[in-house]
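The file start17.cif comes next; it holds mmCIF, C-alpha atoms.
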data_run
loop_
_atom_site.label_atom_id
_atom_site.label_comp_id
_atom_site.auth_asym_id
_atom_site.auth_seq_id
_atom_site.Cartn_x
_atom_site.Cartn_y
_atom_site.Cartn_z
CA MET A 24 28.00 -17.91 30.70
CA ASP A 25 27.29 -14.68 28.81
CA PRO A 26 27.52 -14.76 24.99
CA PRO A 27 30.40 -12.91 23.33
CA ALA A 28 29.84 -9.16 23.12
CA ASP A 29 29.80 -9.18 19.33
CA LEU A 30 26.66 -11.36 19.33
CA HIS A 31 24.76 -8.36 20.64
CA ASP A 32 25.53 -6.55 17.38
CA THR A 33 22.39 -7.24 15.31
CA HIS A 34 24.04 -5.86 12.15
CA ARG A 35 27.34 -7.72 12.37
CA PRO A 36 28.60 -8.28 8.80
CA THR A 37 30.01 -11.58 7.61
CA VAL A 38 31.99 -12.45 4.51
CA THR A 39 30.90 -15.39 2.36
CA THR A 40 33.21 -17.77 0.50
CA LEU A 41 32.33 -15.86 -2.70
CA GLY A 42 33.66 -12.60 -1.27
CA TRP A 43 30.30 -10.93 -0.57
CA THR A 44 29.88 -8.99 2.68
CA THR A 45 26.47 -9.85 4.11
CA VAL A 46 24.28 -8.40 6.85
CA LEU A 47 21.31 -10.24 8.36
CA ASP A 48 18.46 -8.68 10.28
CA ALA A 49 14.86 -9.44 11.23
CA PHE A 50 11.82 -7.40 12.16
CA VAL A 51 8.56 -8.47 13.83
CA GLN A 52 5.28 -6.57 14.28
CA ILE A 53 2.49 -7.96 16.49
CA ASP A 54 -0.87 -6.14 16.41
CA ALA A 55 -3.71 -6.23 18.93
CA VAL A 56 -7.05 -4.57 18.04
CA PRO A 57 -9.25 -4.20 21.17
CA TYR A 58 -11.85 -2.02 19.43
CA SER A 59 -13.13 -1.70 15.86
CA GLN A 60 -16.50 -0.34 14.76
CA HIS A 61 -16.38 -2.52 11.62
CA SER A 62 -15.86 -5.73 13.58
CA LEU A 63 -18.70 -8.29 13.46
CA ASP A 64 -19.03 -11.85 14.73
CA GLU A 65 -20.09 -12.87 11.24
CA VAL A 66 -18.74 -14.06 7.90
CA ASP A 67 -18.67 -12.18 4.62
CA PRO A 68 -22.17 -12.41 3.01
CA ALA A 69 -20.63 -11.94 -0.45
CA GLY A 70 -19.79 -15.63 -0.52
CA THR A 71 -16.09 -15.60 0.39
CA GLY A 72 -16.79 -16.91 3.88
CA ALA A 73 -14.07 -14.67 5.32
CA PRO A 74 -14.65 -13.70 8.98
CA LEU A 75 -15.60 -10.06 9.58
CA ASN A 76 -14.10 -9.96 13.06
CA GLU A 77 -11.28 -7.39 13.35
CA GLU A 78 -10.77 -7.47 17.13
CA SER A 79 -7.94 -9.97 17.35
CA PHE A 80 -4.18 -10.53 17.56
CA THR A 81 -2.27 -10.73 14.29
CA ILE A 82 1.31 -10.92 13.08
CA ARG A 83 1.37 -7.87 10.82
CA HIS A 84 4.88 -8.46 9.54
CA GLY A 85 7.67 -10.90 10.21
CA PHE A 86 10.56 -9.74 8.04
CA PHE A 87 13.85 -11.56 7.55
CA ARG A 88 16.35 -9.68 5.39
CA ILE A 89 19.72 -10.49 3.85
CA GLU A 90 21.76 -7.65 2.35
CA ALA A 91 24.97 -8.38 0.44
CA LYS A 92 27.65 -6.14 -1.07
CA ARG A 93 30.75 -6.73 -3.15
CA GLU A 94 32.60 -3.73 -4.55
CA ASN A 95 30.00 -1.74 -6.54
CA TYR A 96 27.45 -4.58 -6.61
CA PHE A 97 24.70 -5.25 -4.09
CA ALA A 98 21.82 -7.65 -3.56
CA GLU A 99 18.89 -7.93 -1.17
CA LEU A 100 16.41 -10.64 -0.24
CA GLU A 101 13.63 -9.99 2.26
CA LEU A 102 11.00 -12.53 3.31
CA ASP A 103 7.72 -11.74 5.07
CA GLY A 104 5.45 -13.96 7.14
CA ASN A 105 2.12 -12.72 8.50
CA THR A 106 -1.36 -13.78 9.61
CA VAL A 107 -3.36 -10.83 8.24
CA LYS A 108 -5.47 -13.10 5.98
CA GLY A 109 -4.45 -16.36 7.59
CA PRO A 110 -0.90 -17.68 7.90
CA ALA A 111 1.08 -16.70 4.81
CA ALA A 112 4.70 -16.38 3.71
CA ARG A 113 6.01 -14.56 0.66
CA ILE A 114 8.95 -12.73 -0.83
CA GLN A 115 8.76 -9.08 0.18
CA THR A 116 11.66 -7.80 -1.91
CA SER A 117 14.38 -9.44 -3.99
CA GLN A 118 16.72 -7.31 -6.04
CA VAL A 119 20.23 -7.02 -7.43
CA GLY A 120 22.02 -3.86 -8.52
CA TRP A 121 25.10 -1.72 -9.05
CA ARG A 122 25.96 1.69 -7.65
CA TYR A 123 28.61 4.36 -8.07
CA PRO A 124 30.42 5.30 -5.95
CA ASP A 125 30.41 2.22 -3.73
CA ASP A 126 30.67 3.99 -0.34
CA ASP A 127 27.83 4.40 2.18
CA GLY A 128 26.91 7.93 1.08
CA ASP A 129 24.42 9.01 -1.56
CA ALA A 130 25.05 7.27 -4.87
CA LEU A 131 25.49 9.32 -8.01
CA VAL A 132 23.99 6.38 -9.94
CA ARG A 133 22.25 3.30 -8.60
CA ALA A 134 20.75 0.76 -11.01
CA ARG A 135 18.72 -2.20 -9.74
CA ALA A 136 16.14 -4.73 -10.88
CA GLY A 137 13.86 -7.20 -9.17
CA LEU A 138 10.95 -7.11 -6.75
CA MET A 139 11.17 -3.81 -4.89
CA LEU A 140 9.26 -1.15 -2.99
CA ILE A 141 7.61 0.97 -5.69
CA PRO A 142 9.82 4.08 -6.19
CA PHE A 143 6.93 6.57 -6.33
CA GLY A 144 6.58 9.57 -4.04
CA ALA A 145 7.97 9.64 -0.51
CA LEU A 146 5.87 7.21 1.53
CA VAL A 147 5.42 4.20 -0.78
CA PRO A 148 9.16 3.28 -0.97
CA THR A 149 9.56 3.60 2.82
CA ASN A 150 10.10 0.21 4.46
CA ALA A 151 7.57 -0.70 7.19
CA ARG A 152 10.45 -0.68 9.70
CA TYR A 153 10.80 3.08 9.43
CA ARG A 154 7.20 4.31 9.26
CA SER A 155 5.93 6.47 12.10
CA PHE A 156 2.27 5.51 11.61
CA MET A 157 1.06 1.94 11.38
CA GLU A 158 -0.26 1.90 7.82
CA GLN A 159 -0.04 3.96 4.65
CA PRO A 160 -2.64 6.69 4.00
CA THR A 161 -5.77 5.40 2.26
CA PHE A 162 -4.99 6.95 -1.12
CA LEU A 163 -1.60 5.20 -1.31
CA ARG A 164 -3.11 1.87 -0.27
CA ALA A 165 -5.58 2.37 -3.13
CA LEU A 166 -3.13 3.43 -5.85
CA PHE A 167 -0.19 1.19 -4.87
CA PRO A 168 -1.62 -1.68 -2.79
CA GLY A 169 1.03 -3.81 -1.16
CA ASP A 170 3.77 -1.24 -1.90
CA VAL A 171 5.81 -3.81 -3.90
CA ASP A 172 6.12 -4.49 -7.64
CA ALA A 173 8.69 -6.02 -9.99
CA GLY A 174 10.70 -3.86 -12.38
CA ALA A 175 13.89 -1.91 -12.94
CA ASN A 176 14.97 1.40 -11.45
CA VAL A 177 17.78 3.93 -11.86
CA ASP A 178 18.13 6.63 -9.21
CA GLY A 179 20.75 8.78 -7.57
CA ALA A 180 21.79 12.13 -6.17
CA TYR A 181 23.89 15.01 -7.45
CA GLY A 182 24.33 17.93 -5.10
CA LEU A 183 20.85 19.00 -3.97
CA VAL A 184 19.08 17.08 -6.74
CA ARG A 185 17.46 13.65 -6.31
CA TYR A 186 16.18 11.68 -9.30
CA SER A 187 14.54 8.33 -10.04
CA VAL A 188 13.35 6.66 -13.27
CA SER A 189 11.62 3.26 -13.32
CA ALA A 190 9.83 0.72 -15.49
CA MET A 191 7.52 -1.53 -13.45
CA ASN A 192 5.11 -4.35 -14.25
CA GLY A 193 2.20 -2.24 -13.02
CA ALA A 194 0.66 -5.07 -10.94
CA PRO A 195 1.51 -4.50 -7.23
CA VAL A 196 1.33 -7.53 -4.96
CA GLY A 197 -1.80 -6.10 -3.31
CA ASP A 198 -3.71 -5.60 -6.58
CA ALA A 199 -7.28 -6.68 -5.81
CA GLN A 200 -7.76 -8.34 -9.21
CA TRP A 201 -4.35 -9.53 -10.41
CA ALA A 202 -2.50 -9.98 -7.07
CA GLY A 203 0.93 -9.26 -8.51
CA ARG A 204 0.49 -11.12 -11.82
CA ASP A 205 1.13 -8.72 -14.71
CA PRO A 206 -1.83 -8.93 -17.16
CA SER A 207 -0.47 -6.45 -19.72
CA SER A 208 2.62 -6.55 -21.95
CA SER A 209 3.24 -2.83 -21.43
CA TYR A 210 5.21 -1.43 -18.50
CA ASP A 211 4.24 1.35 -16.11
CA LEU A 212 6.80 4.16 -16.48
CA MET A 213 7.39 6.37 -13.46
CA GLY A 214 9.84 8.97 -12.28
CA ARG A 215 10.55 11.38 -9.45
CA LEU A 216 12.56 14.61 -9.40
CA GLY A 217 13.27 16.11 -6.01
CA THR A 218 15.63 17.93 -3.72
CA ASP A 219 17.12 17.60 -0.24
CA LEU A 220 18.07 20.98 1.25
CA PRO A 221 19.89 21.40 4.57
CA LEU A 222 18.36 23.95 6.96
CA PRO A 223 19.78 25.68 10.03
CA HIS A 224 19.81 23.90 13.38
CA ARG A 225 20.06 20.39 11.88
CA GLY A 226 16.93 20.84 9.82
CA ARG A 227 16.16 19.61 6.28
CA PHE A 228 13.64 20.27 3.57
CA VAL A 229 12.89 17.31 1.29
CA ALA A 230 10.47 17.61 -1.63
CA GLY A 231 9.73 15.99 -4.93
CA ILE A 232 7.28 15.57 -7.76
CA SER A 233 6.48 12.12 -9.15
CA ALA A 234 4.54 10.88 -12.16
CA VAL A 235 3.43 7.50 -13.52
CA THR A 236 1.80 6.41 -16.75
CA GLY A 237 0.83 2.93 -17.86
CA ARG A 238 -1.94 0.60 -18.98
CA GLY A 239 -4.41 -1.59 -17.15
CA LEU A 240 -6.54 -4.45 -18.42
CA HIS A 241 -10.28 -5.03 -18.34
CA ALA A 242 -10.82 -8.80 -18.31
CA GLY A 243 -13.00 -10.16 -21.10
CA THR A 244 -15.54 -12.98 -20.85
CA PRO A 245 -15.60 -16.41 -22.56
CA PRO A 246 -18.41 -17.44 -24.93
CA THR A 247 -21.48 -19.21 -23.55
CA LYS A 248 -23.83 -21.76 -25.12
CA ASP A 249 -27.61 -21.64 -25.39
CA SER A 250 -29.26 -23.14 -22.32
CA LEU A 251 -32.63 -23.85 -20.73
CA GLN A 252 -33.69 -22.44 -17.39
CA TRP A 253 -36.58 -23.79 -15.33
CA VAL A 254 -38.62 -21.31 -13.28
CA ASP A 255 -41.11 -23.19 -11.05
CA GLU A 256 -43.80 -20.50 -11.17
CA ASN A 257 -46.57 -22.54 -9.49
CA GLN A 258 -44.20 -24.05 -6.88
CA ASP A 259 -45.44 -27.62 -7.52
CA GLY A 260 -42.02 -29.10 -8.16
CA ILE A 261 -43.11 -30.43 -11.57
CA ILE A 262 -41.55 -29.19 -14.80
CA GLN A 263 -44.12 -27.60 -17.09
CA VAL A 264 -43.37 -26.65 -20.70
CA THR A 265 -44.50 -23.10 -20.01
CA GLU A 266 -41.96 -22.86 -17.17
CA LEU A 267 -38.93 -23.50 -19.42
CA VAL A 268 -37.09 -20.39 -20.52
CA ASP A 269 -34.59 -20.30 -23.37
CA VAL A 270 -31.41 -18.49 -22.37
CA PRO A 271 -29.46 -17.62 -25.54
CA GLY A 272 -25.70 -17.92 -25.58
CA SER A 273 -23.38 -14.99 -25.95
CA PRO A 274 -20.18 -14.47 -27.94
CA ALA A 275 -16.84 -13.99 -26.26
CA ILE A 276 -15.89 -10.46 -25.28
CA PRO A 277 -12.14 -9.83 -25.65
CA SER A 278 -10.12 -8.15 -22.93
CA GLN A 279 -9.46 -4.44 -23.40
CA ALA A 280 -6.54 -2.30 -22.28
CA PHE A 281 -6.98 1.18 -20.86
CA SER A 282 -4.62 3.98 -19.90
CA ARG A 283 -3.94 5.15 -16.36
CA ASP A 284 -1.71 7.81 -14.86
CA ALA A 285 -1.01 9.89 -11.77
CA ILE A 286 1.01 12.83 -10.54
CA ASP A 287 2.19 13.19 -6.93
CA LEU A 288 3.70 15.98 -4.83
CA ASP A 289 5.52 15.39 -1.54
CA ALA A 290 7.21 17.82 0.84
CA THR A 291 8.71 17.28 4.30
CA ILE A 292 10.27 19.72 6.77
CA HIS A 293 12.58 18.18 9.38
CA TRP A 294 13.76 19.99 12.52
CA CYS A 295 15.53 19.30 15.79
CA LEU A 296 14.46 20.74 19.15
CA ALA A 297 17.32 20.32 21.59
CA ALA A 298 15.14 19.47 24.58
CA LEU A 299 12.78 17.12 22.77
CA GLY A 300 14.47 15.77 19.65
CA HIS A 301 13.64 15.50 15.98
CA GLY A 302 10.30 16.29 14.39
CA GLN A 303 8.80 16.59 10.95
CA LEU A 304 5.81 17.96 9.07
CA GLN A 305 5.02 15.89 6.00
CA PHE A 306 2.56 16.39 3.12
CA GLU A 307 1.88 14.14 0.15
CA GLY A 308 -0.94 14.31 -2.37
CA ALA A 309 -1.80 12.67 -5.69
CA LEU A 310 -4.11 13.22 -8.65
CA ALA A 311 -4.79 10.00 -10.56
CA LYS A 312 -6.90 8.50 -13.33
CA ASN A 313 -7.97 4.83 -13.47
CA LEU A 314 -5.23 3.85 -10.98
CA ASP A 315 -7.13 2.56 -7.93
CA ARG A 316 -6.24 -1.12 -7.53
CA GLY A 317 -6.82 -1.65 -3.83
CA VAL A 318 -9.82 0.20 -2.37
CA VAL A 319 -12.43 0.93 -5.10
CA TYR A 320 -11.14 -0.87 -8.18
CA ALA A 321 -10.97 1.52 -11.14
CA ASP A 322 -12.17 -0.09 -14.39
CA PRO A 323 -13.14 2.57 -16.96
CA ILE A 324 -14.32 -0.08 -19.44
CA ALA A 325 -16.87 -1.44 -16.96
CA ARG A 326 -17.98 2.06 -15.93
CA SER A 327 -17.95 3.46 -19.51
CA ARG A 328 -15.95 6.48 -18.32
CA ASP A 329 -12.63 7.39 -16.79
CA VAL A 330 -12.36 7.22 -13.00
CA ARG A 331 -10.60 10.23 -11.48
CA GLU A 332 -9.05 9.90 -8.02
CA LEU A 333 -7.71 12.49 -5.56
CA GLY A 334 -5.96 11.89 -2.25
CA PHE A 335 -3.63 13.56 0.23
CA SER A 336 -2.22 13.24 3.74
CA LEU A 337 -0.78 15.72 6.22
CA ALA A 338 1.21 14.43 9.21
CA LEU A 339 3.03 15.96 12.17
CA VAL A 340 5.46 13.82 14.19
CA GLN A 341 7.61 14.88 17.15
CA GLU A 342 10.04 13.06 19.41
CA LEU A 343 9.40 13.56 23.13
CA GLY A 344 12.85 12.86 24.44
CA PRO A 345 14.91 9.77 23.61
CA PHE A 346 12.21 7.21 24.44
CA ALA A 347 8.90 8.58 23.16
CA LEU A 348 7.27 9.72 19.93
CA ALA A 349 3.84 11.21 19.15
CA GLY A 350 2.08 12.20 15.95
CA ILE A 351 -1.15 13.18 14.28
CA ARG A 352 -2.13 12.57 10.66
CA TYR A 353 -5.13 13.40 8.51
CA ASP A 354 -5.64 11.69 5.18
CA ARG A 355 -8.48 11.96 2.69
CA TYR A 356 -9.19 9.96 -0.45
CA ASP A 357 -11.86 10.56 -3.09
CA ALA A 358 -12.04 7.28 -5.03
CA ASP A 359 -14.27 8.66 -7.80
CA ARG A 360 -14.61 12.41 -8.22
CA ASP A 361 -17.41 11.93 -10.78
CA ALA A 362 -19.44 9.24 -8.97
CA ILE A 363 -23.19 9.25 -9.65
CA GLU A 364 -26.12 7.13 -8.52
CA GLN A 365 -29.76 6.74 -9.53
CA ALA A 366 -32.27 7.99 -6.96
CA GLY A 367 -35.57 6.99 -8.56
CA VAL A 368 -35.66 8.66 -11.96
CA ALA A 369 -33.09 11.28 -10.94
CA THR A 370 -29.32 11.04 -11.30
CA VAL A 371 -27.44 12.46 -8.32
CA TYR A 372 -23.76 12.92 -7.57
CA THR A 373 -22.41 10.83 -4.71
CA HIS A 374 -19.20 11.00 -2.69
CA GLU A 375 -16.85 8.02 -2.43
CA VAL A 376 -14.64 9.81 0.10
CA PHE A 377 -12.60 8.04 2.78
CA SER A 378 -11.12 10.18 5.55
CA THR A 379 -9.04 9.20 8.58
CA LEU A 380 -7.72 11.21 11.51
CA SER A 381 -4.99 9.18 13.24
CA LEU A 382 -3.54 9.86 16.70
CA MET A 383 -0.33 7.97 17.44
CA ALA A 384 1.89 7.65 20.52
CA SER A 385 4.79 5.29 21.02
CA ALA A 386 7.50 4.36 23.47
CA ARG A 387 10.80 2.93 22.29
CA PHE A 388 13.91 1.44 23.80
CA ARG A 389 16.86 0.46 21.63
CA SER A 390 15.38 -1.59 18.76
CA ALA A 391 11.98 -2.21 20.40
CA ARG A 392 8.90 -0.03 20.07
CA LEU A 393 5.37 -0.10 21.53
CA ILE A 394 2.78 1.89 19.55
CA GLY A 395 -0.81 2.88 20.21
CA GLN A 396 -2.89 4.42 17.42
CA TYR A 397 -6.53 5.52 17.26
CA ASP A 398 -8.01 5.97 13.79
CA HIS A 399 -11.16 8.08 13.49
CA ALA A 400 -12.27 6.92 10.03
CA THR A 401 -15.31 7.16 7.75
CA ASN A 402 -16.75 4.61 5.32
CA PRO A 403 -18.72 6.14 2.39
CA PHE A 404 -20.33 2.82 1.43
CA GLY A 405 -22.52 2.46 4.50
CA ARG A 406 -26.30 2.18 4.50
CA ALA A 407 -28.78 3.84 6.82
CA ASP A 408 -31.64 1.91 8.49
CA ASN A 409 -33.92 2.90 5.59
CA GLY A 410 -31.44 1.53 3.04
CA GLU A 411 -30.26 4.93 1.81
CA PRO A 412 -26.51 5.39 1.14
CA THR A 413 -24.72 7.10 4.03
CA THR A 414 -21.26 7.62 5.46
CA LEU A 415 -20.59 5.58 8.60
CA ARG A 416 -17.84 5.79 11.17
CA ALA A 417 -15.18 3.08 11.09
CA ASP A 418 -13.04 3.92 14.14
CA LYS A 419 -10.34 1.53 15.31
CA LEU A 420 -7.89 1.31 18.21
CA THR A 421 -4.70 -0.67 17.58
CA PHE A 422 -1.71 -1.52 19.74
CA ARG A 423 1.48 -2.75 18.10
CA ALA A 424 4.67 -4.23 19.51
CA GLN A 425 7.63 -4.33 17.16
CA VAL A 426 11.27 -5.22 17.48
CA GLU A 427 14.21 -5.38 15.10
CA PHE A 428 17.03 -7.84 15.77
#
What is this structure when it is put down as structure tokens?
Amino acid sequence: MDPPADLHDTHRPTVTTLGWTTVLDAFVQIDAVPYSQHSLDEVDPAGTGAPLNEESFTIRHGFFRIEAKRENYFAELELDGNTVKGPAARIQTSQVGWRYPDDDGDALVRARAGLMLIPFGALVPTNARYRSFMEQPTFLRALFPGDVDAGANVDGAYGLVRYSVSAMNGAPVGDAQWAGRDPSSSYDLMGRLGTDLPLPHRGRFVAGISAVTGRGLHAGTPPTKDSLQWVDENQDGIIQVTELVDVPGSPAIPSQAFSRDAIDLDATIHWCLAALGHGQLQFEGALAKNLDRGVVYADPIARSRDVRELGFSLALVQELGPFALAGIRYDRYDADRDAIEQAGVATVYTHEVFSTLSLMASARFRSARLIGQYDHATNPFGRADNGEPTTLRADKLTFRAQVEF
């Protein structure tokens, strides 16, 4: 017996006993990597013991989302399960808010608080369900790792103007050091001012400028006691008085706060070609200082200088009829524009530049999508056979199956 027709509606609303209208949906991404130049049948020599193999099957995302609405109030809870670093489950987003007006159009005012996609630029606050390419550009994964942070946001639209003002913890869930735990009592303040202009033939031009300012924390060290160290110089296994070395203790070093900031520009042109479908050309770039928290951690206290970052991406995406999509994207990220290194007695400038050229093609049917993406990438922290620093290729081929239900 076939199920009732309304069970095929994956966004069928229900009304709770408290009067809230709720919508449930889920989203699954399964990745297969048949080729990666960085993949090794080895474990991390740094001591973590993590495997270095990248050619495997993984659950990239397994989202389950509940959205609720009652008059002008709304709430959202989204859970994520994945196997990227072993089986894990966490809260992706959890927020409550109020909007005016309460219809489905653009809100004049929307106020919300909780754990949310960081409202900075155009790409960071885009849910993984709706991204054309598999992952964020490198510079956004560095500046806003994990895409999610806790805070409060007010945004809205008036005519052609779009605005957003936020106060966030400043510790995204993907922060390499703090992993979502806010180490500083100050908030990161950010905002975006943009526009959404209609163009002829069902086209649109969307652009905005975003800025963020806040404070990070350099972790201090606890005090240490005086100690003795034995160095077995003659390799006889017997302690000699001359082989004992006094290691003096050190006082505690307090933690220190430092400032960080960034400015971002995004612009997207949308069009519609009758025979093929919709397409878009999208640019986003950012200038930042001391903001890298995911790729090359920026700590100006440890480096005794500010760390200046620069990144951008340029992407072209075009539908090829109702069932296919193709795109190309180039992104480049300079993690430290003032990086230097000692070469003997000389001090030379080095380049901590990551670049990726991504080719993407996908087929889709209803709520299912099959994606193939080849990333031609470079790693600036490679070493040549003679031990000299060099840039190595880090190409990867990934296939992804995803479905929303």
Would you kindly return, as a list in words, each protein, DNA or RNA residue with an atom no farther than 10 Å from any atom of segment 267-271 of chain A, considering all atoms listed in the file and excluding same-chain residues fewer than 2 positions away?
Thr247, Lys248, Asp249, Ser250, Leu251, Gln252, Trp253, Val254, Asp255, Ile262, Gln263, Val264, Thr265 and Ser273 of chain A
Considering all atoms listed in the file, state which residue in the set A:Phe87, A:Tyr210, A:Trp43, A:Tyr96 is at the smallest distance from Phe428 of chain A.
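For Phe428 of chain A, the nearest of the given residues is A:Phe87.
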Would you mind reading off the distance between atom CA of Thr414 of chain A and atom CA of Ser378 of chain A, one decimal, in Å?
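Separation of atom CA of Thr414 of chain A and atom CA of Ser378 of chain A: 10.5 Å.
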Find the residue from A:Arg423, A:Pro246, A:Arg135, A:Gln305 that sits nearest to Phe228 of chain A; use only C-alpha atoms when measuring.
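Comparing A:Arg423, A:Pro246, A:Arg135, A:Gln305 against Phe228 of chain A, the winner is A:Gln305.
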Report, in Å with one decimal, the straight-line distance from atom CA of Ala362 of chain A to atom CA of Arg328 of chain A.
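Atom-to-atom, atom CA of Ala362 of chain A to atom CA of Arg328 of chain A, that is 10.4 Å.
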I want to know what sits within 10 Å of Ser385 of chain A, based on only C-alpha atoms, with residues of the same chain fewer than 4 positions away left out; could you give that as a list in words?
Ser155, Phe156, Glu342, Leu343, Phe346, Ala347, Leu348, Ala349, Gly350, Arg392, Leu393, Ile394, Gly395, Gln396, Phe422, Arg423 and Ala424 of chain A
For Gln115 of chain A, which residue out of A:Ala130, A:Ala165, A:Ala98, A:Val171 is the nearest one, using all atoms listed in the file?
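Of A:Ala130, A:Ala165, A:Ala98, A:Val171, the one nearest Gln115 of chain A, counting all atoms listed in the file, is A:Val171.
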Which one is closest to Ala298 of chain A: A:Ala145, A:Leu47, A:Gly120, A:Gly344? Count only C-alpha atoms.
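Residue with the minimum atom-to-atom distance to Ala298 of chain A: A:Gly344.
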Tell me, in Å to one decimal, how far atom CA of Ala325 of chain A is from atom CA of Pro168 of chain A.
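Atom CA of Ala325 of chain A sits 20.8 Å away from atom CA of Pro168 of chain A.
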So which one's closest to Tyr123 of chain A, A:Asp178, A:Asp172, A:Glu90, A:Asp359? Using all atoms listed in the file, please.
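Of the candidates, the smallest distance to Tyr123 of chain A is held by A:Asp178.
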Determine the nearest neighbour of Pro142 of chain A from the options A:Ile53, A:Ile232, A:Ala73, A:Ala199, counting all atoms listed in the file.
A:Ile232
So that I can see what lies close to Gly109 of chain A, please list as a list of chain:residue names the residues with an atom at most 12 Å from it, counting all atoms listed in the file and leaving out residues fewer than 3 positions away in the same chain.
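Listed by chain and then number, they are A:Ala73, A:Pro74, A:Phe80, A:Thr81, A:Ile82, A:Arg83, A:Gly104, A:Asn105, A:Thr106, A:Ala112.
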Taking the file above as input, evaluate the PyMOL selection byres ((chain A and resi 57) around 8) and report the hits as an mmCIF file with C-alpha atoms, in the frame of the given file.
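expr-v4.cif written:
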data_model
loop_
_atom_site.group_PDB
_atom_site.id
_atom_site.type_symbol
_atom_site.label_atom_id
_atom_site.label_comp_id
_atom_site.auth_asym_id
_atom_site.auth_seq_id
_atom_site.Cartn_x
_atom_site.Cartn_y
_atom_site.Cartn_z
ATOM 1 C CA ALA A 55 -3.710 -6.230 18.930
ATOM 2 C CA VAL A 56 -7.050 -4.570 18.040
ATOM 3 C CA TYR A 58 -11.850 -2.020 19.430
ATOM 4 C CA SER A 59 -13.130 -1.700 15.860
ATOM 5 C CA GLU A 78 -10.770 -7.470 17.130
ATOM 6 C CA SER A 79 -7.940 -9.970 17.350
ATOM 7 C CA LEU A 420 -7.890 1.310 18.210
ATOM 8 C CA THR A 421 -4.700 -0.670 17.580
#
